[in-house]
There are 2 protein chains.
Amino acid sequence: MSDSSLRHRIGKTTLTLRGPDRRALAEQVVTLAQRRHAFAFGNIGFDFVNLVGGPDPENAQPFGGTDSADLDRLGDLWLGLFNTATLPFYWGSYEPRRGAPDTERLTRTARWLADHGVTVKGHPLVWHTVQPPWLLGLDLDEVEALQRARIRDLVGGFAGLIDTWDAINEAVIMPVFANGDNAITDLARARGRIHMVRMAFEEARAANPTATLVLNDFDLSSAYECLIEGVLEAGVGIDAIGLQTHMHQGYRGEEYMHEMLDRFARYGLPLHLTETTLVSGHLMPAEIEDLNDYQIPQWPSTSEGEARQAEEIVRHYRSLLAHPAVESVNYWGLTDRGAWLGAPAGLVRADGSRKPAYDALEALIKGEWWLPPTPMRTDADGRVTVEGFLGDYTVSAGEHRAHFTLDAADSAATISVA
Amino acid sequence: MSDSSLRHRIGKTTLTLRGPDRRALAEQVVTLAQRRHAFAFGNIGFDFVNLVGGPDPENAQPFGGTDSADLDRLGDLWLGLFNTATLPFYWGSYEPRRGAPDTERLTRTARWLADHGVTVKGHPLVWHTVQPPWLLGLDLDEVEALQRARIRDLVGGFAGLIDTWDAINEAVIMPVFANGDNAITDLARARGRIHMVRMAFEEARAANPTATLVLNDFDLSSAYECLIEGVLEAGVGIDAIGLQTHMHQGYRGEEYMHEMLDRFARYGLPLHLTETTLVSGHLMPAEIEDLNDYQIPQWPSTSEGEARQAEEIVRHYRSLLAHPAVESVNYWGLTDRGAWLGAPAGLVRADGSRKPAYDALEALIKGEWWLPPTPMRTDADGRVTVEGFLGDYTVSAGEHRAHFTLDAADSAATISVA
């Protein structure tokens, strides 16, 4: 908490504590403890779909997930660091047969996560990759009608359980994507990027007016700025700008990140680091343009790579949290088992053991940036002052406990510990 | 004319010719001759500002021009190939002292060009480079008011003489341009690209409703597509998409050009190749990102480079004219003397002699794509059929002459040669 660059992440409050008898808890030792970060520390929860939701009857190819088989172990590792899970709703794997979406497994998975205090996010409503084969060859009006219906069904059907969505993914490249025929690229080429973005946001908004809807892209160049400006000019209501930072080709460094974040912070919208990765093995060659084009039989995690990944993940998270516009950081994968592109991008090895990056991130999220159960003494008026990362806390006196929240404004409150 | 890829450039008409006595000119030899291309073969006319308009009283730095001193010679070379001239209206050189614009010299120059049958275009109304120093430090509202007034004054004041303008130049990079402080970048950063584009087009349109207004950029990536889509969505009336292709780092080839032209042709607007160059010396290293950053004391034209330039300019112009959406090609400079970046990009050497590229381009524009005075025999009804590049033609019989135009639709006409 001594890091002044994180001042905006920290709150302070003076609590006046009263006991069950309504009298001040004067000169008593109470225990303060953080329970949850306000900041969204996220990761994908793709593994949980099979583990919690049940085996995939369609055996549809998962995308970017792992195939780890031990729910208890994986659950503990996952819940030890993260409070926000992204679940996969890729059209091609979610509805491989027309009219038979994978609703039940995803619902069970989302509910299990929510029951564990995790905020659940869906990804993505509109994208040109991982498309169902049955969509190809339909005319564009039908494709658009089906896409709109999918958005309404998902966002409306999951409302209350999933209230954050990547509304559209990678719209910058969408109409010119050339890595596989798909109906969505054809639609985007014919009707334009802004039409696609508007379609995604309008349908999702109508289905769940309070949802947080994210525009998400990997293209962080001026192209994305231009798209955002066009979309805002067109009056489309974006809740957050999603920025992917898959760094299989190497950590881009704090200076790059801050310059990039500043460019996108201009629009006054929250920034969501929706997809971030750092590998613990050799780097993907810089000349690869589409990361999906790099397929190798083995991409091992190495001890040198793990040390680098641990050092970089700390720098990366520190630098992201230092930027006031950043509202969430979502790491892309927990274990190397089944990881996207076969890359050793996990925080846990394929054998289930923690990498140094896991421990390093834990030392931030649940260490330096976290208030563990801490005894403090109230004053003669029953007051205690607490400072910590924004989030949910408890205060306990003996067997009694109360909840409070630290938010950005300095504050004072009187609460009953009963 | 046997090149089928240029079919859309060619028109055909059957003329029925009558003499001064209104009778058919039957079985007579008449002479047909092309006078002008409908296609805009352009070049900058910056040299003419000093030569025709008179010496620059402010000695403001010209930009992208030459300093050649012989109007007759330069004029003949220029008029031998081109029918459309771009004149410089860079704010910093046009109005180096606030309130004292270089109106008279530019008016004289434009009029001289128009008197020689040349269509004149102004460049650019809004840009972040070549800014007047007096604009720095003013507050943004005043900068915008001055920019708006400049647009109205120029477009309104030159209406009838200059009816084509690059309304805004390089808007993609405008808000993030970092190669020199300027008030326009500050304005664009604060108010957004679309605001800047709308400002340029709305002011210009109001000042000259019939003007052809061009959105011009060097960034031909998806960023420009996204900007165009946003601008069109915002309802801004663009007349043509300007595409710069300065190829100091080498000719990009037909395949690149056609893929690029196809991407921008999607918007259904004419494409203007506003700024194109090919050097006749060594190539600028590929790693230079901003061409302006490459400054060397000598950049000689070489015989090898001149042969390459001549071959490439023919391929380049053939490929551009083969694309039906392309409406103009504007080469950037006639002679190497004082050429932009000191590059040997001219079609004429610094000593005034023609390079092979000049001859090669002449062999297209005034050779293969041109109908020189050609005797033809009318039939018994006084008819003659003429096919040629779209444009203006004359037909002469003895001392009598008439004008006609070949346009895209096959046609027939009866004209009096009197």
# chains A, B, ... in the order shown; residues from 1 in each chain; ligands from 1
call {"tool": "interface_residues", "arguments": {"of": "chain A", "to": "chain B", "cutoff": "7 Å", "atoms": "only C-alpha atoms", "output": "NGL selection string"}}
result
:A and (172 or 222-224 or 226-227 or 229-231 or 233-234)
call {"tool": "write_last_selection", "arguments": {"atoms": "all heavy atoms", "output": "short mmCIF file (atom, residue, chain, number, x, y, z; two decimals), in the first residue's frame"}}
result
data_model
loop_
_atom_site.label_atom_id
_atom_site.label_comp_id
_atom_site.auth_asym_id
_atom_site.auth_seq_id
_atom_site.Cartn_x
_atom_site.Cartn_y
_atom_site.Cartn_z
N VAL A 172 -12.56 -4.69 -35.80
CA VAL A 172 -11.65 -4.00 -36.72
C VAL A 172 -11.31 -4.90 -37.91
O VAL A 172 -11.38 -4.49 -39.06
CB VAL A 172 -10.37 -3.53 -36.01
CG1 VAL A 172 -9.32 -3.06 -37.02
CG2 VAL A 172 -10.67 -2.41 -35.02
N SER A 222 -4.35 2.76 -34.25
CA SER A 222 -5.28 3.82 -34.56
C SER A 222 -6.57 3.29 -35.18
O SER A 222 -7.61 3.95 -35.13
CB SER A 222 -4.65 4.81 -35.54
OG SER A 222 -3.70 5.60 -34.89
N ALA A 223 -6.50 2.11 -35.76
CA ALA A 223 -7.71 1.55 -36.37
C ALA A 223 -8.81 1.40 -35.33
O ALA A 223 -9.98 1.71 -35.58
CB ALA A 223 -7.41 0.20 -37.03
N TYR A 224 -8.43 0.92 -34.17
CA TYR A 224 -9.42 0.72 -33.11
C TYR A 224 -9.92 2.07 -32.60
O TYR A 224 -11.12 2.25 -32.34
CB TYR A 224 -8.80 -0.12 -32.00
CG TYR A 224 -9.77 -0.71 -31.00
CD1 TYR A 224 -11.10 -0.99 -31.32
CD2 TYR A 224 -9.35 -1.03 -29.71
CE1 TYR A 224 -11.97 -1.54 -30.39
CE2 TYR A 224 -10.21 -1.59 -28.78
CZ TYR A 224 -11.52 -1.84 -29.12
OH TYR A 224 -12.38 -2.39 -28.19
N CYS A 226 -10.20 4.72 -34.38
CA CYS A 226 -11.13 5.22 -35.40
C CYS A 226 -12.46 4.51 -35.31
O CYS A 226 -13.53 5.12 -35.46
CB CYS A 226 -10.52 5.05 -36.80
SG CYS A 226 -9.13 6.14 -37.12
N LEU A 227 -12.42 3.20 -35.07
CA LEU A 227 -13.68 2.45 -34.93
C LEU A 227 -14.46 2.98 -33.73
O LEU A 227 -15.67 3.23 -33.82
CB LEU A 227 -13.40 0.96 -34.77
CG LEU A 227 -14.64 0.12 -34.51
CD1 LEU A 227 -15.56 0.10 -35.72
CD2 LEU A 227 -14.28 -1.31 -34.11
N GLU A 229 -14.34 5.87 -32.30
CA GLU A 229 -14.87 7.21 -32.57
C GLU A 229 -16.11 7.15 -33.46
O GLU A 229 -17.09 7.87 -33.23
CB GLU A 229 -13.77 8.10 -33.17
CG GLU A 229 -12.68 8.37 -32.14
CD GLU A 229 -11.51 9.23 -32.66
OE1 GLU A 229 -11.71 10.05 -33.56
OE2 GLU A 229 -10.40 9.04 -32.14
N GLY A 230 -16.07 6.27 -34.44
CA GLY A 230 -17.23 6.12 -35.31
C GLY A 230 -18.43 5.57 -34.57
O GLY A 230 -19.57 6.01 -34.77
N VAL A 231 -18.17 4.61 -33.72
CA VAL A 231 -19.24 3.96 -32.97
C VAL A 231 -19.86 4.93 -31.96
O VAL A 231 -21.08 5.00 -31.81
CB VAL A 231 -18.67 2.70 -32.28
CG1 VAL A 231 -19.56 2.24 -31.16
CG2 VAL A 231 -18.44 1.59 -33.31
N GLU A 233 -19.77 8.19 -32.20
CA GLU A 233 -20.46 9.20 -33.01
C GLU A 233 -21.83 8.69 -33.45
O GLU A 233 -22.78 9.46 -33.55
CB GLU A 233 -19.58 9.52 -34.23
CG GLU A 233 -20.14 10.54 -35.17
CD GLU A 233 -20.16 11.93 -34.59
OE1 GLU A 233 -19.26 12.27 -33.81
OE2 GLU A 233 -21.11 12.68 -34.92
N ALA A 234 -21.90 7.40 -33.71
CA ALA A 234 -23.17 6.80 -34.16
C ALA A 234 -24.14 6.61 -32.99
O ALA A 234 -25.25 6.14 -33.19
CB ALA A 234 -22.90 5.47 -34.85
#
call {"tool": "residues_around", "arguments": {"residues": "B:Arg383", "least_positions_apart": "6", "cutoff": "8 Å", "atoms": "only C-alpha atoms", "output": "list in words"}}
result
Thr14, Leu15, Thr16, Leu17, Leu25 and Ala26 of chain B
call {"tool": "residues_around", "arguments": {"residues": "A:Ala307", "least_positions_apart": "3", "cutoff": "12 Å", "atoms": "only C-alpha atoms", "output": "PDB file with all heavy atoms, in the first residue's frame"}}
result
ATOM      1  N   LEU A 278       1.099 -14.041 -20.701  1.00  0.00           N
ATOM      2  CA  LEU A 278       2.564 -13.989 -20.755  1.00  0.00           C
ATOM      3  C   LEU A 278       3.047 -15.440 -20.701  1.00  0.00           C
ATOM      4  O   LEU A 278       2.610 -16.189 -19.827  1.00  0.00           O
ATOM      5  CB  LEU A 278       3.115 -13.223 -19.547  1.00  0.00           C
ATOM      6  CG  LEU A 278       2.860 -11.717 -19.541  1.00  0.00           C
ATOM      7  CD1 LEU A 278       2.973 -11.150 -18.132  1.00  0.00           C
ATOM      8  CD2 LEU A 278       3.843 -11.011 -20.479  1.00  0.00           C
ATOM      9  N   VAL A 279       3.907 -15.815 -21.602  1.00  0.00           N
ATOM     10  CA  VAL A 279       4.316 -17.217 -21.634  1.00  0.00           C
ATOM     11  C   VAL A 279       5.531 -17.467 -20.745  1.00  0.00           C
ATOM     12  O   VAL A 279       6.350 -16.572 -20.503  1.00  0.00           O
ATOM     13  CB  VAL A 279       4.617 -17.710 -23.072  1.00  0.00           C
ATOM     14  CG1 VAL A 279       3.337 -17.711 -23.897  1.00  0.00           C
ATOM     15  CG2 VAL A 279       5.700 -16.880 -23.729  1.00  0.00           C
ATOM     16  N   SER A 280       5.624 -18.722 -20.283  1.00  0.00           N
ATOM     17  CA  SER A 280       6.773 -19.125 -19.450  1.00  0.00           C
ATOM     18  C   SER A 280       7.678 -20.067 -20.222  1.00  0.00           C
ATOM     19  O   SER A 280       8.349 -20.910 -19.629  1.00  0.00           O
ATOM     20  CB  SER A 280       6.273 -19.788 -18.158  1.00  0.00           C
ATOM     21  OG  SER A 280       5.687 -21.048 -18.450  1.00  0.00           O
ATOM     22  N   GLY A 281       7.686 -19.938 -21.549  1.00  0.00           N
ATOM     23  CA  GLY A 281       8.596 -20.723 -22.382  1.00  0.00           C
ATOM     24  C   GLY A 281       9.231 -19.784 -23.392  1.00  0.00           C
ATOM     25  O   GLY A 281       9.246 -18.562 -23.184  1.00  0.00           O
ATOM     26  N   SER A 301       7.157 -25.231 -20.939  1.00  0.00           N
ATOM     27  CA  SER A 301       7.457 -24.240 -19.911  1.00  0.00           C
ATOM     28  C   SER A 301       8.869 -24.538 -19.408  1.00  0.00           C
ATOM     29  O   SER A 301       9.214 -25.685 -19.170  1.00  0.00           O
ATOM     30  CB  SER A 301       6.439 -24.378 -18.773  1.00  0.00           C
ATOM     31  OG  SER A 301       6.624 -23.360 -17.820  1.00  0.00           O
ATOM     32  N   THR A 302       9.688 -23.489 -19.285  1.00  0.00           N
ATOM     33  CA  THR A 302      11.069 -23.703 -18.843  1.00  0.00           C
ATOM     34  C   THR A 302      11.303 -22.933 -17.549  1.00  0.00           C
ATOM     35  O   THR A 302      10.570 -21.988 -17.237  1.00  0.00           O
ATOM     36  CB  THR A 302      12.063 -23.186 -19.904  1.00  0.00           C
ATOM     37  OG1 THR A 302      11.882 -21.756 -20.036  1.00  0.00           O
ATOM     38  CG2 THR A 302      11.825 -23.846 -21.257  1.00  0.00           C
ATOM     39  N   SER A 303      12.337 -23.313 -16.822  1.00  0.00           N
ATOM     40  CA  SER A 303      12.540 -22.635 -15.534  1.00  0.00           C
ATOM     41  C   SER A 303      12.956 -21.183 -15.765  1.00  0.00           C
ATOM     42  O   SER A 303      12.521 -20.276 -15.055  1.00  0.00           O
ATOM     43  CB  SER A 303      13.566 -23.380 -14.674  1.00  0.00           C
ATOM     44  OG  SER A 303      14.804 -23.373 -15.318  1.00  0.00           O
ATOM     45  N   GLU A 304      13.736 -20.971 -16.804  1.00  0.00           N
ATOM     46  CA  GLU A 304      14.102 -19.593 -17.170  1.00  0.00           C
ATOM     47  C   GLU A 304      12.858 -18.799 -17.566  1.00  0.00           C
ATOM     48  O   GLU A 304      12.639 -17.657 -17.130  1.00  0.00           O
ATOM     49  CB  GLU A 304      15.091 -19.660 -18.339  1.00  0.00           C
ATOM     50  CG  GLU A 304      15.651 -18.336 -18.784  1.00  0.00           C
ATOM     51  CD  GLU A 304      16.334 -18.454 -20.158  1.00  0.00           C
ATOM     52  OE1 GLU A 304      16.320 -19.571 -20.736  1.00  0.00           O
ATOM     53  OE2 GLU A 304      16.845 -17.439 -20.644  1.00  0.00           O
ATOM     54  N   ALA A 310       7.119 -14.681 -14.159  1.00  0.00           N
ATOM     55  CA  ALA A 310       6.770 -14.209 -12.808  1.00  0.00           C
ATOM     56  C   ALA A 310       7.163 -12.744 -12.626  1.00  0.00           C
ATOM     57  O   ALA A 310       6.403 -11.939 -12.067  1.00  0.00           O
ATOM     58  CB  ALA A 310       7.448 -15.080 -11.758  1.00  0.00           C
ATOM     59  N   GLU A 311       8.336 -12.409 -13.123  1.00  0.00           N
ATOM     60  CA  GLU A 311       8.786 -11.019 -12.988  1.00  0.00           C
ATOM     61  C   GLU A 311       7.905 -10.090 -13.836  1.00  0.00           C
ATOM     62  O   GLU A 311       7.497  -9.018 -13.390  1.00  0.00           O
ATOM     63  CB  GLU A 311      10.256 -10.936 -13.451  1.00  0.00           C
ATOM     64  CG  GLU A 311      10.884  -9.559 -13.287  1.00  0.00           C
ATOM     65  CD  GLU A 311      11.279  -8.925 -14.606  1.00  0.00           C
ATOM     66  OE1 GLU A 311      11.559  -9.662 -15.570  1.00  0.00           O
ATOM     67  OE2 GLU A 311      11.288  -7.681 -14.662  1.00  0.00           O
ATOM     68  N   GLU A 312       7.580 -10.558 -15.055  1.00  0.00           N
ATOM     69  CA  GLU A 312       6.792  -9.714 -15.957  1.00  0.00           C
ATOM     70  C   GLU A 312       5.342  -9.570 -15.495  1.00  0.00           C
ATOM     71  O   GLU A 312       4.741  -8.509 -15.666  1.00  0.00           O
ATOM     72  CB  GLU A 312       6.834 -10.292 -17.379  1.00  0.00           C
ATOM     73  CG  GLU A 312       8.198 -10.108 -18.030  1.00  0.00           C
ATOM     74  CD  GLU A 312       8.346 -10.837 -19.362  1.00  0.00           C
ATOM     75  OE1 GLU A 312       7.477 -11.671 -19.699  1.00  0.00           O
ATOM     76  OE2 GLU A 312       9.332 -10.577 -20.063  1.00  0.00           O
ATOM     77  N   ILE A 313       4.792 -10.615 -14.922  1.00  0.00           N
ATOM     78  CA  ILE A 313       3.378 -10.516 -14.540  1.00  0.00           C
ATOM     79  C   ILE A 313       3.216  -9.499 -13.416  1.00  0.00           C
ATOM     80  O   ILE A 313       2.216  -8.773 -13.359  1.00  0.00           O
ATOM     81  CB  ILE A 313       2.792 -11.910 -14.188  1.00  0.00           C
ATOM     82  CG1 ILE A 313       1.277 -11.895 -14.429  1.00  0.00           C
ATOM     83  CG2 ILE A 313       3.111 -12.321 -12.750  1.00  0.00           C
ATOM     84  CD1 ILE A 313       0.649 -13.273 -14.467  1.00  0.00           C
ATOM     85  N   VAL A 314       4.203  -9.405 -12.565  1.00  0.00           N
ATOM     86  CA  VAL A 314       4.145  -8.406 -11.480  1.00  0.00           C
ATOM     87  C   VAL A 314       4.249  -7.004 -12.079  1.00  0.00           C
ATOM     88  O   VAL A 314       3.458  -6.106 -11.753  1.00  0.00           O
ATOM     89  CB  VAL A 314       5.253  -8.656 -10.451  1.00  0.00           C
ATOM     90  CG1 VAL A 314       5.359  -7.490  -9.482  1.00  0.00           C
ATOM     91  CG2 VAL A 314       4.975  -9.961  -9.707  1.00  0.00           C
ATOM     92  N   LEU A 347      -0.608 -20.110 -15.321  1.00  0.00           N
ATOM     93  CA  LEU A 347       0.055 -19.770 -14.062  1.00  0.00           C
ATOM     94  C   LEU A 347       0.328 -21.045 -13.278  1.00  0.00           C
ATOM     95  O   LEU A 347       0.939 -21.023 -12.212  1.00  0.00           O
ATOM     96  CB  LEU A 347      -0.851 -18.833 -13.246  1.00  0.00           C
ATOM     97  CG  LEU A 347      -1.347 -17.610 -14.027  1.00  0.00           C
ATOM     98  CD1 LEU A 347      -2.336 -16.807 -13.193  1.00  0.00           C
ATOM     99  CD2 LEU A 347      -0.162 -16.733 -14.443  1.00  0.00           C
ATOM    100  N   LYS A 355       3.231 -22.343 -10.930  1.00  0.00           N
ATOM    101  CA  LYS A 355       4.455 -21.700 -11.439  1.00  0.00           C
ATOM    102  C   LYS A 355       4.787 -20.516 -10.541  1.00  0.00           C
ATOM    103  O   LYS A 355       3.906 -19.997  -9.820  1.00  0.00           O
ATOM    104  CB  LYS A 355       4.223 -21.182 -12.858  1.00  0.00           C
ATOM    105  CG  LYS A 355       3.986 -22.240 -13.909  1.00  0.00           C
ATOM    106  CD  LYS A 355       3.858 -21.571 -15.289  1.00  0.00           C
ATOM    107  CE  LYS A 355       3.365 -22.550 -16.311  1.00  0.00           C
ATOM    108  NZ  LYS A 355       3.081 -21.896 -17.614  1.00  0.00           N
ATOM    109  N   PRO A 356       6.003 -20.010 -10.642  1.00  0.00           N
ATOM    110  CA  PRO A 356       6.348 -18.797  -9.879  1.00  0.00           C
ATOM    111  C   PRO A 356       5.384 -17.634 -10.165  1.00  0.00           C
ATOM    112  O   PRO A 356       5.125 -16.818  -9.282  1.00  0.00           O
ATOM    113  CB  PRO A 356       7.766 -18.473 -10.352  1.00  0.00           C
ATOM    114  CG  PRO A 356       8.325 -19.793 -10.775  1.00  0.00           C
ATOM    115  CD  PRO A 356       7.179 -20.582 -11.331  1.00  0.00           C
ATOM    116  N   ALA A 357       4.842 -17.573 -11.379  1.00  0.00           N
ATOM    117  CA  ALA A 357       3.917 -16.476 -11.710  1.00  0.00           C
ATOM    118  C   ALA A 357       2.660 -16.541 -10.852  1.00  0.00           C
ATOM    119  O   ALA A 357       2.096 -15.499 -10.485  1.00  0.00           O
ATOM    120  CB  ALA A 357       3.550 -16.518 -13.196  1.00  0.00           C
ATOM    121  N   TYR A 358       2.217 -17.753 -10.543  1.00  0.00           N
ATOM    122  CA  TYR A 358       1.046 -17.868  -9.674  1.00  0.00           C
ATOM    123  C   TYR A 358       1.370 -17.264  -8.309  1.00  0.00           C
ATOM    124  O   TYR A 358       0.619 -16.444  -7.772  1.00  0.00           O
ATOM    125  CB  TYR A 358       0.616 -19.337  -9.517  1.00  0.00           C
ATOM    126  CG  TYR A 358      -0.690 -19.482  -8.736  1.00  0.00           C
ATOM    127  CD1 TYR A 358      -1.891 -19.708  -9.394  1.00  0.00           C
ATOM    128  CD2 TYR A 358      -0.713 -19.354  -7.340  1.00  0.00           C
ATOM    129  CE1 TYR A 358      -3.094 -19.808  -8.692  1.00  0.00           C
ATOM    130  CE2 TYR A 358      -1.908 -19.441  -6.627  1.00  0.00           C
ATOM    131  CZ  TYR A 358      -3.090 -19.671  -7.308  1.00  0.00           C
ATOM    132  OH  TYR A 358      -4.279 -19.752  -6.605  1.00  0.00           O
ATOM    133  N   ASP A 359       2.495 -17.687  -7.779  1.00  0.00           N
ATOM    134  CA  ASP A 359       2.876 -17.190  -6.441  1.00  0.00           C
ATOM    135  C   ASP A 359       3.091 -15.682  -6.457  1.00  0.00           C
ATOM    136  O   ASP A 359       2.717 -14.974  -5.526  1.00  0.00           O
ATOM    137  CB  ASP A 359       4.152 -17.906  -5.972  1.00  0.00           C
ATOM    138  CG  ASP A 359       3.927 -19.410  -5.816  1.00  0.00           C
ATOM    139  OD1 ASP A 359       2.790 -19.813  -5.472  1.00  0.00           O
ATOM    140  OD2 ASP A 359       4.879 -20.177  -6.060  1.00  0.00           O
ATOM    141  N   ALA A 360       3.684 -15.200  -7.546  1.00  0.00           N
ATOM    142  CA  ALA A 360       3.959 -13.758  -7.634  1.00  0.00           C
ATOM    143  C   ALA A 360       2.661 -12.963  -7.708  1.00  0.00           C
ATOM    144  O   ALA A 360       2.514 -11.912  -7.070  1.00  0.00           O
ATOM    145  CB  ALA A 360       4.823 -13.474  -8.861  1.00  0.00           C
TER     146      ALA A 360
END
call {"tool": "select_by_dssp", "arguments": {"residues": "stretch 202-286 of chain A", "states": "alpha helix (DSSP H)", "output": "PyMOL selection string"}}
result
chain A and resi 202-207+222-233+253-265
call {"tool": "write_last_selection", "arguments": {"atoms": "N, CA, C and O atoms", "output": "short mmCIF file (atom, residue, chain, number, x, y, z; two decimals), in the first residue's frame"}}
result
data_model
loop_
_atom_site.label_atom_id
_atom_site.label_comp_id
_atom_site.auth_asym_id
_atom_site.auth_seq_id
_atom_site.Cartn_x
_atom_site.Cartn_y
_atom_site.Cartn_z
N GLU A 202 -27.20 -3.01 -29.51
CA GLU A 202 -28.64 -2.74 -29.40
C GLU A 202 -29.42 -3.97 -28.97
O GLU A 202 -30.31 -3.90 -28.13
N GLU A 203 -29.08 -5.11 -29.55
CA GLU A 203 -29.80 -6.33 -29.18
C GLU A 203 -29.51 -6.70 -27.72
O GLU A 203 -30.40 -7.08 -26.97
N ALA A 204 -28.25 -6.60 -27.35
CA ALA A 204 -27.89 -6.98 -25.98
C ALA A 204 -28.53 -6.02 -24.97
O ALA A 204 -29.03 -6.43 -23.92
N ARG A 205 -28.51 -4.75 -25.30
CA ARG A 205 -29.08 -3.74 -24.39
C ARG A 205 -30.57 -3.97 -24.21
O ARG A 205 -31.10 -3.88 -23.09
N ALA A 206 -31.23 -4.28 -25.31
CA ALA A 206 -32.67 -4.50 -25.23
C ALA A 206 -32.97 -5.72 -24.35
O ALA A 206 -33.95 -5.75 -23.61
N ALA A 207 -32.11 -6.72 -24.42
CA ALA A 207 -32.37 -7.96 -23.68
C ALA A 207 -32.00 -7.83 -22.20
O ALA A 207 -32.52 -8.57 -21.36
N SER A 222 -4.35 2.76 -34.25
CA SER A 222 -5.28 3.82 -34.56
C SER A 222 -6.57 3.29 -35.18
O SER A 222 -7.61 3.95 -35.13
N ALA A 223 -6.50 2.11 -35.76
CA ALA A 223 -7.71 1.55 -36.37
C ALA A 223 -8.81 1.40 -35.33
O ALA A 223 -9.98 1.71 -35.58
N TYR A 224 -8.43 0.92 -34.17
CA TYR A 224 -9.42 0.72 -33.11
C TYR A 224 -9.92 2.07 -32.60
O TYR A 224 -11.12 2.25 -32.34
N GLU A 225 -9.02 3.02 -32.48
CA GLU A 225 -9.46 4.37 -32.10
C GLU A 225 -10.51 4.88 -33.09
O GLU A 225 -11.53 5.45 -32.71
N CYS A 226 -10.20 4.72 -34.38
CA CYS A 226 -11.13 5.22 -35.40
C CYS A 226 -12.46 4.51 -35.31
O CYS A 226 -13.53 5.12 -35.46
N LEU A 227 -12.42 3.20 -35.07
CA LEU A 227 -13.68 2.45 -34.93
C LEU A 227 -14.46 2.98 -33.73
O LEU A 227 -15.67 3.23 -33.82
N ILE A 228 -13.78 3.14 -32.61
CA ILE A 228 -14.46 3.62 -31.40
C ILE A 228 -15.09 4.99 -31.65
O ILE A 228 -16.24 5.26 -31.29
N GLU A 229 -14.34 5.87 -32.30
CA GLU A 229 -14.87 7.21 -32.57
C GLU A 229 -16.11 7.15 -33.46
O GLU A 229 -17.09 7.87 -33.23
N GLY A 230 -16.07 6.27 -34.44
CA GLY A 230 -17.23 6.12 -35.31
C GLY A 230 -18.43 5.57 -34.57
O GLY A 230 -19.57 6.01 -34.77
N VAL A 231 -18.17 4.61 -33.72
CA VAL A 231 -19.24 3.96 -32.97
C VAL A 231 -19.86 4.93 -31.96
O VAL A 231 -21.08 5.00 -31.81
N LEU A 232 -19.02 5.69 -31.30
CA LEU A 232 -19.54 6.67 -30.34
C LEU A 232 -20.32 7.76 -31.07
O LEU A 232 -21.38 8.18 -30.63
N GLU A 233 -19.77 8.19 -32.20
CA GLU A 233 -20.46 9.20 -33.01
C GLU A 233 -21.83 8.69 -33.45
O GLU A 233 -22.78 9.46 -33.55
N GLY A 253 5.96 -4.25 -22.15
CA GLY A 253 6.59 -3.26 -21.28
C GLY A 253 5.63 -2.18 -20.80
O GLY A 253 4.59 -1.91 -21.39
N GLU A 254 6.01 -1.55 -19.71
CA GLU A 254 5.16 -0.56 -19.06
C GLU A 254 4.95 0.67 -19.93
O GLU A 254 3.86 1.26 -19.96
N GLU A 255 5.99 1.08 -20.65
CA GLU A 255 5.87 2.31 -21.43
C GLU A 255 4.85 2.12 -22.56
O GLU A 255 3.98 2.98 -22.77
N TYR A 256 4.95 1.00 -23.26
CA TYR A 256 3.96 0.69 -24.29
C TYR A 256 2.57 0.69 -23.69
O TYR A 256 1.63 1.28 -24.24
N MET A 257 2.43 -0.01 -22.56
CA MET A 257 1.10 -0.18 -21.97
C MET A 257 0.51 1.18 -21.58
O MET A 257 -0.68 1.43 -21.82
N HIS A 258 1.32 2.02 -21.00
CA HIS A 258 0.75 3.29 -20.54
C HIS A 258 0.40 4.22 -21.69
O HIS A 258 -0.63 4.89 -21.66
N GLU A 259 1.24 4.21 -22.71
CA GLU A 259 0.92 5.03 -23.89
C GLU A 259 -0.39 4.51 -24.51
O GLU A 259 -1.28 5.28 -24.86
N MET A 260 -0.50 3.21 -24.59
CA MET A 260 -1.70 2.59 -25.18
C MET A 260 -2.93 2.89 -24.33
O MET A 260 -3.98 3.31 -24.84
N LEU A 261 -2.81 2.70 -23.04
CA LEU A 261 -3.95 2.97 -22.16
C LEU A 261 -4.36 4.43 -22.24
O LEU A 261 -5.56 4.75 -22.25
N ASP A 262 -3.39 5.32 -22.30
CA ASP A 262 -3.73 6.75 -22.41
C ASP A 262 -4.52 7.03 -23.68
O ASP A 262 -5.46 7.83 -23.68
N ARG A 263 -4.11 6.39 -24.77
CA ARG A 263 -4.84 6.63 -26.03
C ARG A 263 -6.30 6.22 -25.92
O ARG A 263 -7.19 6.93 -26.39
N PHE A 264 -6.54 5.08 -25.27
CA PHE A 264 -7.93 4.61 -25.21
C PHE A 264 -8.70 5.23 -24.04
O PHE A 264 -9.93 5.24 -24.05
N ALA A 265 -7.98 5.76 -23.07
CA ALA A 265 -8.66 6.43 -21.96
C ALA A 265 -9.27 7.76 -22.41
O ALA A 265 -10.11 8.32 -21.72
#
call {"tool": "residues_around", "arguments": {"residues": "B:Pro96", "least_positions_apart": "3", "cutoff": "9 Å", "atoms": "only C-alpha atoms", "output": "list in words"}}
result
Glu58, Ala60, Trp91, Gly92, Ser93, Gly99, Ala100, Pro101, Asp102, Gln131, Pro132, Pro133 and Trp134 of chain B
